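Q: query.txt is reproduced in full below (compact mmCIF, C-alpha atoms).
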```txt
# COMPACT_ATOMS: atom_id res chain seq x y z
CA MET A 158 -15.11 23.93 1.23
CA LYS A 159 -16.18 21.86 -1.76
CA ILE A 160 -13.66 20.66 -4.32
CA TRP A 161 -15.28 18.78 -7.18
CA VAL A 162 -17.35 16.09 -5.39
CA PHE A 163 -15.30 16.16 -2.19
CA GLU A 164 -16.29 18.22 0.83
CA ILE A 165 -13.29 19.22 2.92
CA GLU A 166 -13.59 20.60 6.43
CA LYS A 167 -11.18 21.24 9.28
CA ARG A 168 -11.27 18.63 12.02
CA GLY A 169 -10.53 18.89 15.74
CA LEU A 170 -7.52 16.86 16.88
CA SER A 171 -8.36 13.36 18.10
CA TYR A 172 -5.52 11.59 19.89
CA ILE A 173 -6.92 8.17 18.98
CA ARG A 174 -6.93 9.08 15.28
CA LEU A 175 -3.47 10.59 15.65
CA GLY A 176 -2.10 7.42 17.28
CA ILE A 177 -3.59 5.06 14.71
CA SER A 178 -2.58 7.21 11.77
CA THR A 179 0.95 7.69 13.13
CA ALA A 180 1.33 3.91 13.41
CA LEU A 181 0.11 3.54 9.81
CA LEU A 182 2.47 6.29 8.68
CA ILE A 183 5.42 4.57 10.37
CA PHE A 184 4.47 1.31 8.67
CA GLY A 185 4.31 3.06 5.28
CA LEU A 186 7.74 4.59 5.85
CA LEU A 187 9.16 1.21 6.92
CA LEU A 188 8.04 -0.24 3.57
CA LEU A 189 10.28 2.33 1.91
CA ILE A 190 13.16 1.98 4.40
CA ALA A 191 13.35 -1.84 4.60
CA PRO A 192 15.18 -2.27 1.26
CA ILE A 193 17.72 0.37 2.35
CA LEU A 194 18.46 -1.50 5.60
CA GLU A 195 19.77 -4.52 3.69
CA PRO A 196 23.04 -4.62 1.73
CA PRO A 197 22.58 -3.45 -1.88
CA ASN A 198 21.50 -6.01 -4.48
CA THR A 199 20.74 -8.79 -1.98
CA VAL A 200 16.92 -9.01 -2.09
CA ASN A 201 15.23 -10.44 -5.18
CA PHE A 202 12.47 -13.05 -4.80
CA GLY A 203 12.05 -13.86 -8.49
CA GLU A 204 8.66 -14.73 -9.94
CA ASN A 205 7.41 -17.66 -7.88
CA GLY A 206 5.48 -16.00 -5.02
CA ILE A 207 1.84 -16.44 -4.04
CA VAL A 208 -0.38 -14.51 -1.65
CA GLY A 209 -1.02 -16.00 1.81
CA SER A 210 2.12 -18.10 1.99
CA PHE A 211 5.59 -17.85 3.49
CA GLU A 212 7.49 -19.21 0.48
CA HIS A 213 10.35 -16.71 0.88
CA ALA A 214 10.87 -17.36 4.62
CA SER A 215 14.29 -18.97 4.16
CA ASN A 216 15.59 -15.92 2.23
CA ILE A 217 14.05 -13.49 4.72
CA SER A 218 15.48 -15.30 7.76
CA HIS A 219 19.00 -14.48 6.50
CA MET A 220 18.35 -10.73 6.39
CA GLN A 221 20.69 -8.72 8.59
CA ASN A 222 18.26 -6.16 10.00
CA PRO A 223 15.38 -7.34 12.29
CA VAL A 224 13.14 -4.46 11.15
CA SER A 225 13.51 -5.31 7.48
CA ARG A 226 13.08 -9.00 8.35
CA ALA A 227 9.72 -8.18 10.01
CA ILE A 228 8.52 -5.98 7.12
CA TYR A 229 9.55 -8.54 4.48
CA THR A 230 7.85 -11.32 6.47
CA PHE A 231 4.63 -9.28 6.44
CA GLY A 232 5.08 -8.81 2.68
CA ASP A 233 5.71 -12.52 2.18
CA TRP A 234 2.29 -13.33 3.63
CA GLU A 235 0.39 -10.37 2.21
CA CYS A 236 1.73 -10.19 -1.36
CA HIS A 237 2.98 -12.41 -4.20
CA GLN A 238 6.25 -10.41 -4.27
CA HIS A 239 6.97 -11.02 -7.96
CA ALA A 240 10.13 -9.15 -8.87
CA SER A 241 8.77 -8.03 -12.25
CA ARG A 242 5.81 -6.40 -10.51
CA SER A 243 7.86 -4.72 -7.78
CA PHE A 244 9.92 -1.59 -7.42
CA PHE A 245 13.55 -1.78 -6.31
CA ILE A 246 15.31 0.56 -3.88
CA ASN A 247 19.04 0.25 -3.19
CA GLY A 248 19.06 -2.58 -5.72
CA ASN A 249 16.69 -4.51 -3.43
CA GLN A 250 13.16 -5.59 -4.21
CA MET A 251 10.48 -3.81 -2.15
CA PRO A 252 8.71 -5.90 0.53
CA VAL A 253 5.49 -5.86 -1.53
CA CYS A 254 4.63 -5.38 -5.22
CA ALA A 255 4.04 -1.98 -6.84
CA ARG A 256 0.24 -2.17 -6.38
CA CYS A 257 0.44 -3.22 -2.72
CA THR A 258 3.11 -0.58 -2.08
CA ALA A 259 0.76 2.07 -3.47
CA ILE A 260 -2.21 0.79 -1.48
CA PHE A 261 -0.28 0.77 1.81
CA LEU A 262 1.41 4.14 1.21
CA SER A 263 -1.88 5.73 0.17
CA ILE A 264 -3.63 4.32 3.25
CA SER A 265 -0.78 5.55 5.47
CA PHE A 266 -0.62 9.10 4.14
CA THR A 267 -4.40 9.54 3.71
CA ALA A 268 -5.10 8.34 7.25
CA PHE A 269 -2.55 10.85 8.56
CA LEU A 270 -4.08 13.64 6.47
CA LEU A 271 -7.55 12.81 7.80
CA VAL A 272 -6.39 13.48 11.36
CA PHE A 273 -6.47 17.18 10.49
CA ILE A 274 -9.21 17.45 7.86
CA ARG A 275 -12.31 15.51 6.95
CA ILE A 276 -12.87 14.62 3.33
CA LYS A 277 -16.40 13.53 2.59
CA ALA A 278 -17.08 11.73 -0.66
CA PRO A 279 -20.29 10.24 -2.00
CA PHE A 280 -20.43 6.44 -2.08
CA TRP A 281 -20.29 6.41 -5.88
CA VAL A 282 -16.97 8.31 -5.82
CA ILE A 283 -15.43 5.77 -3.45
CA ILE A 284 -16.53 2.95 -5.77
CA ALA A 285 -15.29 4.88 -8.82
CA LEU A 286 -11.85 5.19 -7.20
CA ILE A 287 -11.64 1.41 -6.68
CA ILE A 288 -12.86 0.39 -10.16
CA PRO A 289 -9.58 1.16 -12.01
CA MET A 290 -7.64 -1.24 -9.79
CA ALA A 291 -10.33 -3.91 -10.10
CA LEU A 292 -10.28 -3.57 -13.88
CA ASP A 293 -6.49 -3.54 -14.16
CA GLY A 294 -6.03 -6.56 -11.90
CA GLY A 295 -9.07 -8.42 -13.20
CA ILE A 296 -8.15 -8.02 -16.86
CA GLN A 297 -4.60 -9.20 -16.08
CA LEU A 298 -6.01 -12.24 -14.33
CA ILE A 299 -8.24 -13.43 -17.17
CA THR A 300 -6.36 -12.27 -20.29
CA PRO A 301 -2.76 -12.19 -21.52
CA TYR A 302 -2.71 -8.40 -20.88
CA GLU A 303 0.17 -7.37 -18.62
CA SER A 304 -0.05 -4.04 -16.83
CA ASN A 305 3.02 -2.00 -15.87
CA ASN A 306 4.23 -0.94 -12.45
CA ILE A 307 3.34 2.73 -12.93
CA LEU A 308 -0.29 1.85 -13.75
CA ARG A 309 -0.37 -0.61 -10.84
CA PHE A 310 0.94 2.13 -8.55
CA ILE A 311 -1.65 4.68 -9.75
CA THR A 312 -4.61 2.29 -9.46
CA GLY A 313 -3.39 1.04 -6.07
CA SER A 314 -3.05 4.61 -4.80
CA LEU A 315 -6.63 5.41 -5.81
CA ALA A 316 -7.91 2.27 -4.09
CA GLY A 317 -5.96 2.98 -0.89
CA PHE A 318 -7.33 6.54 -0.82
CA ALA A 319 -10.88 5.23 -1.34
CA THR A 320 -10.45 2.64 1.41
CA VAL A 321 -9.53 5.27 3.99
CA LEU A 322 -12.37 7.56 2.87
CA ALA A 323 -14.79 4.66 3.26
CA PHE A 324 -13.55 3.74 6.75
CA ASP A 325 -13.56 7.38 7.80
CA SER A 326 -17.17 7.80 6.62
CA ILE A 327 -18.22 4.66 8.48
CA ILE A 328 -16.54 5.81 11.69
CA GLU A 329 -17.91 9.37 11.47
CA ASP A 330 -21.46 8.42 10.48
```
Kindly present the structure from the file in C-alpha cells form.

A:
Amino acid sequence: MKIWVFEIEKRGLSYIRLGISTALLIFGLLLLIAPILEPPNTVNFGENGIVGSFEHASNISHMQNPVSRAIYTFGDWECHQHASRSFFINGNQMPVCARCTAIFLSISFTAFLLVFIRIKAPFWVIIALIIPMALDGGIQLITPYESNNILRFITGSLAGFATVLAFDSIIED
C-alpha cells in the first residue's frame, strides 16, 4: 500500500526485531515514568546543564528510586537538561529536554511499529524529516531566536521517526 511517498507492507514477525524494539519501548516508557517515581516537585536542574557531562550527579544520587536514578543519570550525560526546555510530570523535570524526549519516544514507538510493518521512504524524505530539527536547533544556536517546547517536540519526533526509517532501510537493504 502506498501512502503519499511511503510504501507500507506487512512484515513477518522477527524475534530479534521484537526484542530490540521492546527494549526501546521500555526505555521510552521509563522516560515518562521516572518523574512519577520521585516525590512531587523534587526534580529541577535549573539552566546550567551541558551535554556529555555529569553535572547533576549529586542531585541524582539523592533520588529515592534506583530506576529513576538510572534514567536521570542517562539523561545527565545525554542531554543539557535545561528546565526551561523540558517538560514536567508530577512537578518533576523530565530526564531529558523536550526535543530529546521526542526523539527517544519517536524512536521507541516507531521501532516497535516496524516490527509488524515495513515503511519504506525515499532518502530525500528521510532527510526532509530531519531538516526541521536541524533548522530549529541551528537557528537557536546562532541567533537570539528561542524556540518553544512544542516546536522542539514536533521537530524531535520527526527526526526520531526518520532515524528509525533510515536504520530499518539500511538493515533491510

Q: As an exercise, work out the distance from CA of Gly232 (chain A) to CA of Met290 (chain A) in Å and give it to one decimal place.

A: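 For CA of Gly232 (chain A) relative to CA of Met290 (chain A), the distance reads 19.4 Å.
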
Q: Separation of CA of His219 (chain A) and CA of Thr179 (chain A), in Å?

A: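 Between CA of His219 (chain A) and CA of Thr179 (chain A) the gap works out to 29.3 Å.
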
Q: With only C-alpha atoms as the counted atoms, please give the residues lying no more than 12 Å from region 293-302 of chain A, apart from itself and same-chain residues fewer than 4 positions off, as an mmCIF file with C-alpha atoms, in the frame of the given file.

A:
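The result, stored in around10.cif:
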```
data_model
loop_
_atom_site.group_PDB
_atom_site.id
_atom_site.type_symbol
_atom_site.label_atom_id
_atom_site.label_comp_id
_atom_site.auth_asym_id
_atom_site.auth_seq_id
_atom_site.Cartn_x
_atom_site.Cartn_y
_atom_site.Cartn_z
ATOM 1 C CA ARG A 242 5.810 -6.400 -10.510
ATOM 2 C CA ARG A 256 0.240 -2.170 -6.380
ATOM 3 C CA CYS A 257 0.440 -3.220 -2.720
ATOM 4 C CA ILE A 287 -11.640 1.410 -6.680
ATOM 5 C CA ILE A 288 -12.860 0.390 -10.160
ATOM 6 C CA PRO A 289 -9.580 1.160 -12.010
ATOM 7 C CA ASN A 306 4.230 -0.940 -12.450
ATOM 8 C CA ILE A 307 3.340 2.730 -12.930
ATOM 9 C CA LEU A 308 -0.290 1.850 -13.750
ATOM 10 C CA ARG A 309 -0.370 -0.610 -10.840
ATOM 11 C CA PHE A 310 0.940 2.130 -8.550
ATOM 12 C CA ILE A 311 -1.650 4.680 -9.750
ATOM 13 C CA THR A 312 -4.610 2.290 -9.460
ATOM 14 C CA GLY A 313 -3.390 1.040 -6.070
ATOM 15 C CA ALA A 316 -7.910 2.270 -4.090
#
```

Q: Excluding region 267-282 of chain A and residues on its chain fewer than 6 positions from it, collect all residues at most 7 Å away from it, counting all atoms listed in the file, and give them as a PyMOL selection string.

A: chain A and resi 162-170+174-175+178-179+182+318+321

Q: Let me make sure I understand: among A:Ile283, A:Leu262, A:Ala255, A:Val200, which one has the smallest atom-to-atom distance to Asn216 (chain A) if we use all atoms listed in the file?

A: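 For Asn216 (chain A), the nearest of the given residues is A:Val200.
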
Q: Between A:Ser314, A:Thr199, A:Ser243, A:Ser171, which residue has the minimum interatomic distance to Leu286 (chain A), considering all atoms listed in the file?

A: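 Answer, going by the shortest atom-to-atom distance: A:Ser314.
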
Q: Using only C-alpha atoms for the distances, tell me which of A:Gln238, A:Ser326, A:Asn249, A:Thr320 is nearest to Val208 (chain A).

A: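 With only C-alpha atoms as the atom set, the closest residue is A:Gln238.
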
Q: Can you measure CA of Ala291 (chain A) to CA of Pro252 (chain A) for me? One decimal in Å is fine.

A: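 Taking CA of Ala291 (chain A) and CA of Pro252 (chain A), their separation equals 21.9 Å.
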
Q: Kindly extract all protein, DNA and RNA residues lying within 10 Å of the coordinates (24.0, 0.2, -3.1) given in the file, considering only C-alpha atoms, and supply them as a compact mmCIF listing (two decimals) with C-alpha atoms, keeping the file's coordinate frame.

A:
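So out_22.txt came out as:
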```txt
# COMPACT_ATOMS: atom_id res chain seq x y z
CA ILE A 193 17.72 0.37 2.35
CA GLU A 195 19.77 -4.52 3.69
CA PRO A 196 23.04 -4.62 1.73
CA PRO A 197 22.58 -3.45 -1.88
CA ASN A 198 21.50 -6.01 -4.48
CA THR A 199 20.74 -8.79 -1.98
CA ILE A 246 15.31 0.56 -3.88
CA ASN A 247 19.04 0.25 -3.19
CA GLY A 248 19.06 -2.58 -5.72
CA ASN A 249 16.69 -4.51 -3.43
```

Q: Of the candidates A:Phe245, A:Trp234, A:Phe184, A:Phe202, which one gets nearest to Ile264 (chain A) if we count all atoms listed in the file?

A: A:Phe184

Q: Point out the residue among A:Ile177, A:Leu187, A:Ile160, A:Cys236 with the least atom-to-atom distance to Ser210 (chain A), counting all atoms listed in the file.

A: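 Selected residue with least distance to Ser210 (chain A): A:Cys236.
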
Q: Could you check which of A:Ile327, A:Ile217, A:Cys254, A:Leu194 is closest to Asn305 (chain A), using all atoms listed in the file?

A: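 Residue with the minimum atom-to-atom distance to Asn305 (chain A): A:Cys254.
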
Q: Would you kindly identify which residues have an atom no farther than 10 Å from (7.9, -5.3, 7.6), using all atoms listed in the file and the file's own coordinates, and write them out as an MDAnalysis selection string?

A: chainID A and resid 184:185 187:191 223:233 252:253
